[in-house]
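The structure appears right after this line, and notes come after that.
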Amino acid sequence: MTRFLQAVVQLEFALATDSIAGGLCTVPFAGSFKCRLCKVCNGFGCKNELPGMGGVNQNHNFILNCSAWGNFYEKNVCLHSKIDLISVSTDDIGIAPVTGAMQNIGFENESDFYLPYFTAAHNQGLSICVGDGAPDEKLQFGIEAVFRLQEKAHYFLKPYPDDILSMRIEKIVDTNSAYSIGMDIDAYNIVTMRNQVHLERKSPYQLQDFRKKTNLPLSIKGVFTKADVELCAEILPDIIVVSNHGGRVQTDEGSTAKFLENYGGVLSGYCKELWVDGGIRTVRDIRVAKHLGAKKVLVARPFIAALIKGGVPLMEKRICEMTNAKNCTENKL
C-alpha cells in the first residue's frame, strides 16, 4: 500500500472512530432491513428468504443448526457437570465473514456495514473474519475496515477461478492485514450467487497452489461432507471450519453440531485449529462446541440483528450476553 493511500485511510479511520465514539453508530442505519428481528434467532422467521437472512429448503439446516447444540446438551445429562465447567472468553468467538449487506441485510449502501460490524467485534476482543463477493468492492470494503481499525483478520475467499483469486490475494497481502487467508469451499453452491459469477469446486492441487500464493496459514471453511473430510486429510489446512454456510447452500442434510460430534476427533488431527459455525446462540452452545473439539465458534445473524437495531453498542451488548465472559466490557445503552 502506498504512503498516500495509508495516509488517506488513517485519516478516514480517525474520522470514522470519532463518529462511532460520538454516538452516530448508536442509531439504526439507513436501509430497508430484511431481518425480522425475532426474539430468538432460530430459523423459523425467515424461511427461504434468499436474498435475505434465511436459508434454502425452508431453512431446514438453519433450523437444525440452531436446535442441535441444545439437543446435545439435553440428551447427555451425564456430561452436564463437565460442560458447565468449560470456561468461555471472547477469545473463543469470532464474527463470521459476511458480505452482501445490501442484498441480504438491506443496507442502503454496502460500505455502511463493514466498519461498524468489525468495530463491535474489535472492541470486545472477537476475531474478525472477512469475506468477499461480487462485485469486487465488497472485499475492498472489508480490507479497508480492517485497516482502519489497525487490526488483522482471517480472510475467506470464495472459489473463483484461479486468476481472480490471485488478484484478490494480492490485494489482501499488500495491506499486511491477514492472520490467514482461506477459502469457502462450499460457496460454489450459494443460491444467490449462481447467476452472478462463476464459482467452482476446487481440487486438492488447486488448494495447495492457493496456499503457496498466500504464504500464510490456510483455512478451509465449509467442511460438511465426508468428501470434505477426505479433502482436509489430503491438504492438512491450518484451520478447518465446520460449516454449512448457515443453511444457505445446497449440501447434506444436518447440523454443524452433529457433524462436529461425528468428525471433530478426526478433523482435529488434520489441522492446527478446528472452528465451527452455525446456530451458536448462547454461552452454553459455545461450551458444547468446545466440548466437541472446537477451538473457536463463528457467529453472524444474532450480531447483525443487534447491529441494525441498535448500532455498535447493542451488538457489543449482544456479544456480552452470548459469551457471559469475564473479559467482555459491556457498553450501557
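Here's how to read the names in the C-alpha cells: chain A, B, ... by the order shown, residue numbers from 1 in each chain, ligand numbers from 1 in the order shown.
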
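Near A:Glu110, within a cut-off of 8 Å and counting only C-alpha atoms, sit the residues Gly100, Ala101, Met102 and Lys138 of chain A, with same-chain residues fewer than 6 positions away left out.
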
Which of stretch 102-206 of chain A counts as strand (DSSP E or B) under DSSP, as a PDB file with N, CA, C and O atoms, in the first residue's frame please?
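What ended up in states.pdb:
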ATOM      1  N   PHE A 107     -29.024  -3.006   3.862  1.00  0.00           N
ATOM      2  CA  PHE A 107     -28.375  -1.702   3.995  1.00  0.00           C
ATOM      3  C   PHE A 107     -28.582  -0.886   2.727  1.00  0.00           C
ATOM      4  O   PHE A 107     -28.605  -1.435   1.618  1.00  0.00           O
ATOM      5  N   SER A 127     -12.409 -12.310  17.213  1.00  0.00           N
ATOM      6  CA  SER A 127     -11.704 -12.439  15.944  1.00  0.00           C
ATOM      7  C   SER A 127     -12.576 -11.886  14.821  1.00  0.00           C
ATOM      8  O   SER A 127     -13.799 -12.070  14.820  1.00  0.00           O
ATOM      9  N   ILE A 128     -11.939 -11.217  13.877  1.00  0.00           N
ATOM     10  CA  ILE A 128     -12.653 -10.664  12.728  1.00  0.00           C
ATOM     11  C   ILE A 128     -12.402 -11.548  11.518  1.00  0.00           C
ATOM     12  O   ILE A 128     -11.257 -11.842  11.184  1.00  0.00           O
ATOM     13  N   CYS A 129     -13.471 -11.967  10.881  1.00  0.00           N
ATOM     14  CA  CYS A 129     -13.382 -12.746   9.642  1.00  0.00           C
ATOM     15  C   CYS A 129     -13.998 -11.936   8.518  1.00  0.00           C
ATOM     16  O   CYS A 129     -15.079 -11.360   8.675  1.00  0.00           O
ATOM     17  N   VAL A 130     -13.318 -11.905   7.396  1.00  0.00           N
ATOM     18  CA  VAL A 130     -13.706 -11.069   6.260  1.00  0.00           C
ATOM     19  C   VAL A 130     -13.985 -11.953   5.058  1.00  0.00           C
ATOM     20  O   VAL A 130     -13.200 -12.854   4.747  1.00  0.00           O
ATOM     21  N   ALA A 153      -7.053  -9.753  10.347  1.00  0.00           N
ATOM     22  CA  ALA A 153      -8.263 -10.572  10.242  1.00  0.00           C
ATOM     23  C   ALA A 153      -7.955 -11.893   9.551  1.00  0.00           C
ATOM     24  O   ALA A 153      -6.892 -12.093   8.961  1.00  0.00           O
ATOM     25  N   HIS A 154      -8.931 -12.779   9.630  1.00  0.00           N
ATOM     26  CA  HIS A 154      -8.918 -14.026   8.872  1.00  0.00           C
ATOM     27  C   HIS A 154      -9.803 -13.820   7.642  1.00  0.00           C
ATOM     28  O   HIS A 154     -10.988 -13.512   7.776  1.00  0.00           O
ATOM     29  N   TYR A 155      -9.218 -13.979   6.470  1.00  0.00           N
ATOM     30  CA  TYR A 155      -9.950 -13.753   5.219  1.00  0.00           C
ATOM     31  C   TYR A 155     -10.408 -15.081   4.623  1.00  0.00           C
ATOM     32  O   TYR A 155      -9.652 -16.066   4.613  1.00  0.00           O
ATOM     33  N   PHE A 156     -11.645 -15.080   4.125  1.00  0.00           N
ATOM     34  CA  PHE A 156     -12.201 -16.261   3.463  1.00  0.00           C
ATOM     35  C   PHE A 156     -12.688 -15.857   2.078  1.00  0.00           C
ATOM     36  O   PHE A 156     -13.622 -15.059   1.949  1.00  0.00           O
ATOM     37  N   LEU A 157     -12.045 -16.395   1.044  1.00  0.00           N
ATOM     38  CA  LEU A 157     -12.397 -16.082  -0.333  1.00  0.00           C
ATOM     39  C   LEU A 157     -13.266 -17.186  -0.912  1.00  0.00           C
ATOM     40  O   LEU A 157     -13.113 -18.356  -0.579  1.00  0.00           O
ATOM     41  N   ALA A 178      -3.666  -9.668   7.272  1.00  0.00           N
ATOM     42  CA  ALA A 178      -4.225 -11.022   7.376  1.00  0.00           C
ATOM     43  C   ALA A 178      -3.455 -11.900   8.345  1.00  0.00           C
ATOM     44  O   ALA A 178      -2.223 -11.981   8.288  1.00  0.00           O
ATOM     45  N   TYR A 179      -4.189 -12.565   9.235  1.00  0.00           N
ATOM     46  CA  TYR A 179      -3.632 -13.674  10.005  1.00  0.00           C
ATOM     47  C   TYR A 179      -3.593 -14.934   9.140  1.00  0.00           C
ATOM     48  O   TYR A 179      -2.665 -15.728   9.203  1.00  0.00           O
ATOM     49  N   SER A 180      -4.651 -15.101   8.364  1.00  0.00           N
ATOM     50  CA  SER A 180      -4.753 -16.266   7.483  1.00  0.00           C
ATOM     51  C   SER A 180      -5.604 -15.884   6.280  1.00  0.00           C
ATOM     52  O   SER A 180      -6.386 -14.929   6.338  1.00  0.00           O
ATOM     53  N   ILE A 181      -5.425 -16.618   5.195  1.00  0.00           N
ATOM     54  CA  ILE A 181      -6.282 -16.466   4.015  1.00  0.00           C
ATOM     55  C   ILE A 181      -6.781 -17.857   3.656  1.00  0.00           C
ATOM     56  O   ILE A 181      -5.983 -18.780   3.464  1.00  0.00           O
ATOM     57  N   GLY A 182      -8.076 -17.987   3.607  1.00  0.00           N
ATOM     58  CA  GLY A 182      -8.656 -19.298   3.340  1.00  0.00           C
ATOM     59  C   GLY A 182      -9.738 -19.250   2.282  1.00  0.00           C
ATOM     60  O   GLY A 182      -9.916 -18.242   1.593  1.00  0.00           O
ATOM     61  N   MET A 183     -10.457 -20.352   2.182  1.00  0.00           N
ATOM     62  CA  MET A 183     -11.474 -20.459   1.147  1.00  0.00           C
ATOM     63  C   MET A 183     -12.761 -21.059   1.696  1.00  0.00           C
ATOM     64  O   MET A 183     -12.743 -21.995   2.490  1.00  0.00           O
ATOM     65  N   ASP A 184     -13.861 -20.477   1.259  1.00  0.00           N
ATOM     66  CA  ASP A 184     -15.200 -21.036   1.490  1.00  0.00           C
ATOM     67  C   ASP A 184     -15.426 -22.118   0.438  1.00  0.00           C
ATOM     68  O   ASP A 184     -15.953 -21.835  -0.644  1.00  0.00           O
ATOM     69  N   ILE A 190     -23.790 -21.562  -3.295  1.00  0.00           N
ATOM     70  CA  ILE A 190     -24.641 -20.489  -2.771  1.00  0.00           C
ATOM     71  C   ILE A 190     -25.671 -20.103  -3.824  1.00  0.00           C
ATOM     72  O   ILE A 190     -25.327 -19.692  -4.936  1.00  0.00           O
TER      73      ILE A 190
END

### Task
Would you list the contacts of A:Ile319 as number ranges by chain, taking every protein, DNA or RNA residue within 12 Å and counting only C-alpha atoms, but skipping same-chain residues closer than 6 positions in sequence?
A: 89-95, 117, 120-126, 280-283, 298-307, 312-313, 325-331

### Task
Find the distance between atom CA of A:Ala294 and atom CA of A:Ser268 and write it in Å to one decimal.
8.6 Å

### Query
If you measure from atom CA of A:Asn65 to atom CA of A:His198, what distance in Å do you get, rounded to one decimal?
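Going from atom CA of A:Asn65 over to atom CA of A:His198, I get 28.0 Å.
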
### Query
Between A:Asp186, A:Asp136, A:Glu273, A:Asp209, which has the minimum distance to A:Arg248 (counting only C-alpha atoms)?
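Ranking A:Asp186, A:Asp136, A:Glu273, A:Asp209 by distance to A:Arg248, first place goes to A:Asp186.
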
Using only C-alpha atoms, what table do you get, as a Markdown table, when you list each residue of stretch 234-300 of chain A with an atom no more than 9 Å from stretch 214-221 of chain A, its nearest pair of atoms, and their distance in Å rounded to one decimal, rows by chain then rising number?
| residue | atom | partner | partner_atom | distance |
| --- | --- | --- | --- | --- |
| A:Leu236 | CA | A:Leu218 | CA | 8.9 |
| A:Pro237 | CA | A:Leu218 | CA | 5.3 |
| A:Asp238 | CA | A:Leu218 | CA | 5.2 |
| A:Ile239 | CA | A:Ser219 | CA | 4.4 |
| A:Ile240 | CA | A:Ile220 | CA | 5.0 |
| A:Val241 | CA | A:Lys221 | CA | 4.5 |
| A:Val242 | CA | A:Lys221 | CA | 6.4 |
| A:Ser243 | CA | A:Lys221 | CA | 6.4 |
| A:Asn244 | CA | A:Lys221 | CA | 8.8 |
| A:His245 | CA | A:Lys221 | CA | 8.7 |
| A:Trp275 | CA | A:Lys221 | CA | 8.8 |
| A:Val276 | CA | A:Lys221 | CA | 8.8 |

### Query
Quick one, how far is atom CA of A:Leu267 from atom CA of A:Ala233?
7.8 Å

### Task
Apply DSSP to the backbone of this structure and, from stretch 51-212 of chain A, keep only the residues in alpha helix (DSSP H); write these as a ChimeraX atom specification.
/A:60-75,80-84,111-124,137-148,162-175,204-212

Filtering to C-alpha atoms, could you give me those residues as an mmCIF file, in the first residue's frame?
data_model
loop_
_atom_site.group_PDB
_atom_site.id
_atom_site.type_symbol
_atom_site.label_atom_id
_atom_site.label_comp_id
_atom_site.auth_asym_id
_atom_site.auth_seq_id
_atom_site.Cartn_x
_atom_site.Cartn_y
_atom_site.Cartn_z
ATOM 1 C CA HIS A 60 -34.079 -26.822 7.178
ATOM 2 C CA ASN A 61 -30.358 -26.882 8.016
ATOM 3 C CA PHE A 62 -30.552 -23.400 9.536
ATOM 4 C CA ILE A 63 -33.186 -24.667 11.978
ATOM 5 C CA LEU A 64 -31.249 -27.865 12.674
ATOM 6 C CA ASN A 65 -28.095 -25.841 13.355
ATOM 7 C CA CYS A 66 -29.850 -23.747 15.994
ATOM 8 C CA SER A 67 -31.537 -26.628 17.813
ATOM 9 C CA ALA A 68 -28.712 -29.178 17.751
ATOM 10 C CA TRP A 69 -26.470 -27.573 20.376
ATOM 11 C CA GLY A 70 -29.228 -27.630 22.978
ATOM 12 C CA ASN A 71 -30.320 -31.104 21.914
ATOM 13 C CA PHE A 72 -26.822 -32.473 22.504
ATOM 14 C CA TYR A 73 -26.716 -30.936 25.955
ATOM 15 C CA GLU A 74 -30.179 -32.192 26.963
ATOM 16 C CA LYS A 75 -29.534 -35.725 25.707
ATOM 17 C CA HIS A 80 -23.658 -31.538 32.203
ATOM 18 C CA SER A 81 -21.230 -31.076 35.081
ATOM 19 C CA LYS A 82 -18.272 -31.314 32.683
ATOM 20 C CA ILE A 83 -19.712 -28.992 30.038
ATOM 21 C CA ASP A 84 -20.888 -26.432 32.598
ATOM 22 C CA SER A 111 -19.989 0.215 2.546
ATOM 23 C CA ASP A 112 -22.037 1.220 5.619
ATOM 24 C CA PHE A 113 -21.936 -2.288 7.090
ATOM 25 C CA TYR A 114 -18.305 -3.323 7.472
ATOM 26 C CA LEU A 115 -16.719 -0.802 9.841
ATOM 27 C CA PRO A 116 -19.496 -0.933 12.488
ATOM 28 C CA TYR A 117 -19.682 -4.758 12.319
ATOM 29 C CA PHE A 118 -15.917 -5.052 12.700
ATOM 30 C CA THR A 119 -15.738 -2.288 15.314
ATOM 31 C CA ALA A 120 -18.072 -4.044 17.754
ATOM 32 C CA ALA A 121 -16.036 -7.233 17.384
ATOM 33 C CA HIS A 122 -12.754 -5.346 17.754
ATOM 34 C CA ASN A 123 -13.928 -3.523 20.885
ATOM 35 C CA GLN A 124 -14.880 -6.796 22.566
ATOM 36 C CA GLU A 137 -15.752 -3.752 -3.894
ATOM 37 C CA LYS A 138 -17.164 -5.993 -1.138
ATOM 38 C CA LEU A 139 -13.735 -7.405 -0.396
ATOM 39 C CA GLN A 140 -12.213 -3.928 -0.649
ATOM 40 C CA PHE A 141 -14.684 -2.557 1.909
ATOM 41 C CA GLY A 142 -13.675 -5.341 4.282
ATOM 42 C CA ILE A 143 -9.959 -4.767 3.779
ATOM 43 C CA GLU A 144 -10.353 -1.030 4.368
ATOM 44 C CA ALA A 145 -12.382 -1.532 7.552
ATOM 45 C CA VAL A 146 -9.762 -3.890 8.979
ATOM 46 C CA PHE A 147 -7.012 -1.421 8.119
ATOM 47 C CA ARG A 148 -8.921 1.469 9.674
ATOM 48 C CA ASP A 162 -7.587 -19.091 -10.007
ATOM 49 C CA ASP A 163 -6.681 -15.881 -11.857
ATOM 50 C CA ILE A 164 -9.309 -13.895 -9.926
ATOM 51 C CA LEU A 165 -8.168 -15.452 -6.654
ATOM 52 C CA SER A 166 -4.595 -14.396 -7.375
ATOM 53 C CA MET A 167 -5.675 -10.756 -7.732
ATOM 54 C CA ARG A 168 -7.687 -10.883 -4.502
ATOM 55 C CA ILE A 169 -4.810 -12.482 -2.596
ATOM 56 C CA GLU A 170 -2.528 -9.679 -3.782
ATOM 57 C CA LYS A 171 -4.964 -7.036 -2.502
ATOM 58 C CA ILE A 172 -5.029 -8.613 0.951
ATOM 59 C CA VAL A 173 -1.311 -9.312 1.236
ATOM 60 C CA ASP A 174 -0.498 -5.749 0.163
ATOM 61 C CA THR A 175 -2.117 -4.361 3.335
ATOM 62 C CA PRO A 204 -6.622 -30.543 -3.630
ATOM 63 C CA TYR A 205 -3.944 -29.401 -6.099
ATOM 64 C CA GLN A 206 -5.643 -26.011 -6.568
ATOM 65 C CA LEU A 207 -5.958 -25.510 -2.813
ATOM 66 C CA GLN A 208 -2.288 -26.306 -2.276
ATOM 67 C CA ASP A 209 -1.395 -23.828 -5.014
ATOM 68 C CA PHE A 210 -3.668 -21.275 -3.330
ATOM 69 C CA ARG A 211 -1.747 -21.809 -0.085
ATOM 70 C CA LYS A 212 1.604 -21.217 -1.807
#

### Of the listed residues A:Val191, A:Val288, A:Leu37, A:Val56, that which approaches A:Lys309 most closely, counting only C-alpha atoms
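For A:Lys309, the nearest of the given residues is A:Leu37.
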
#### Entry: Top pick for closest residue to A:Asn195, considering A:Ala134, A:Gln150, A:Leu260, A:Asp285 and counting only C-alpha atoms
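The closest residue to A:Asn195 is A:Ala134.
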
### Message
For A:Asn48, find every residue with an atom within 10 Å (counting only C-alpha atoms), except residues of its own chain fewer than 3 positions away, and show them as an MDAnalysis selection string.
### Response
chainID A and resid 43:45 51:60 248

Dump all heavy atoms for the selected residues as a compact mmCIF listing (two decimals), in the first residue's frame?
# COMPACT_ATOMS: atom_id res chain seq x y z
N GLY A 43 -34.31 -19.65 12.98
CA GLY A 43 -34.57 -20.10 11.62
C GLY A 43 -36.03 -20.17 11.21
O GLY A 43 -36.32 -20.42 10.04
N PHE A 44 -36.96 -19.94 12.13
CA PHE A 44 -38.38 -20.08 11.80
C PHE A 44 -38.99 -18.81 11.21
O PHE A 44 -40.07 -18.86 10.62
CB PHE A 44 -39.16 -20.52 13.04
CG PHE A 44 -38.96 -21.95 13.40
CD1 PHE A 44 -38.00 -22.32 14.33
CD2 PHE A 44 -39.71 -22.96 12.79
CE1 PHE A 44 -37.78 -23.65 14.66
CE2 PHE A 44 -39.51 -24.29 13.12
CZ PHE A 44 -38.55 -24.64 14.05
N GLY A 45 -38.32 -17.66 11.36
CA GLY A 45 -38.93 -16.41 10.94
C GLY A 45 -38.63 -15.96 9.54
O GLY A 45 -39.29 -15.06 9.03
N PRO A 51 -32.53 -13.69 -1.78
CA PRO A 51 -31.66 -12.93 -0.90
C PRO A 51 -32.40 -12.54 0.38
O PRO A 51 -33.60 -12.33 0.36
CB PRO A 51 -31.28 -11.71 -1.73
CG PRO A 51 -31.52 -12.10 -3.15
CD PRO A 51 -32.68 -13.03 -3.11
N GLY A 52 -31.65 -12.44 1.44
CA GLY A 52 -32.22 -12.16 2.74
C GLY A 52 -31.44 -12.89 3.80
O GLY A 52 -30.32 -13.35 3.58
N MET A 53 -32.05 -13.05 4.97
CA MET A 53 -31.36 -13.64 6.11
C MET A 53 -31.65 -15.12 6.28
O MET A 53 -31.16 -15.76 7.21
CB MET A 53 -31.77 -12.89 7.39
CG MET A 53 -31.41 -11.42 7.38
SD MET A 53 -29.64 -11.11 7.48
CE MET A 53 -29.35 -11.43 9.22
N GLY A 54 -32.47 -15.69 5.39
CA GLY A 54 -32.86 -17.08 5.54
C GLY A 54 -31.92 -18.06 4.88
O GLY A 54 -30.76 -17.75 4.59
N GLY A 55 -32.44 -19.28 4.64
CA GLY A 55 -31.64 -20.33 4.03
C GLY A 55 -32.43 -21.06 2.97
O GLY A 55 -33.53 -20.65 2.60
N VAL A 56 -31.88 -22.15 2.48
CA VAL A 56 -32.54 -22.95 1.45
C VAL A 56 -33.39 -24.03 2.11
O VAL A 56 -33.29 -24.30 3.30
CB VAL A 56 -31.50 -23.59 0.50
CG1 VAL A 56 -30.72 -22.53 -0.23
CG2 VAL A 56 -30.56 -24.53 1.27
N ASN A 57 -34.25 -24.65 1.30
CA ASN A 57 -35.07 -25.79 1.75
C ASN A 57 -35.86 -25.47 3.02
O ASN A 57 -35.85 -26.21 4.00
CB ASN A 57 -34.18 -27.03 1.99
CG ASN A 57 -33.44 -27.46 0.75
OD1 ASN A 57 -33.94 -27.32 -0.36
ND2 ASN A 57 -32.21 -27.94 0.93
N GLN A 58 -36.57 -24.33 2.96
CA GLN A 58 -37.38 -23.90 4.10
C GLN A 58 -36.55 -23.76 5.37
O GLN A 58 -37.01 -24.02 6.49
CB GLN A 58 -38.54 -24.88 4.33
CG GLN A 58 -39.61 -24.89 3.25
CD GLN A 58 -40.37 -23.57 3.20
OE1 GLN A 58 -40.83 -23.05 4.22
NE2 GLN A 58 -40.50 -23.03 2.00
N ASN A 59 -35.30 -23.35 5.21
CA ASN A 59 -34.37 -23.12 6.34
C ASN A 59 -34.08 -24.41 7.12
O ASN A 59 -33.74 -24.36 8.32
CB ASN A 59 -34.93 -22.08 7.31
CG ASN A 59 -34.85 -20.66 6.79
OD1 ASN A 59 -34.62 -20.44 5.60
ND2 ASN A 59 -35.03 -19.68 7.66
N HIS A 60 -34.17 -25.54 6.46
CA HIS A 60 -34.08 -26.82 7.18
C HIS A 60 -32.77 -26.95 7.97
O HIS A 60 -32.79 -27.20 9.19
CB HIS A 60 -34.22 -27.98 6.19
CG HIS A 60 -34.28 -29.32 6.84
ND1 HIS A 60 -35.29 -29.67 7.72
CD2 HIS A 60 -33.47 -30.41 6.76
CE1 HIS A 60 -35.09 -30.91 8.15
NE2 HIS A 60 -33.99 -31.38 7.59
N ARG A 248 -27.41 -21.97 4.05
CA ARG A 248 -27.66 -21.18 2.85
C ARG A 248 -27.14 -21.83 1.57
O ARG A 248 -27.26 -21.25 0.49
CB ARG A 248 -27.03 -19.78 3.01
CG ARG A 248 -27.68 -18.97 4.11
CD ARG A 248 -26.88 -17.71 4.44
NE ARG A 248 -26.88 -16.73 3.37
CZ ARG A 248 -27.84 -15.84 3.14
NH1 ARG A 248 -28.91 -15.82 3.92
NH2 ARG A 248 -27.75 -14.97 2.17
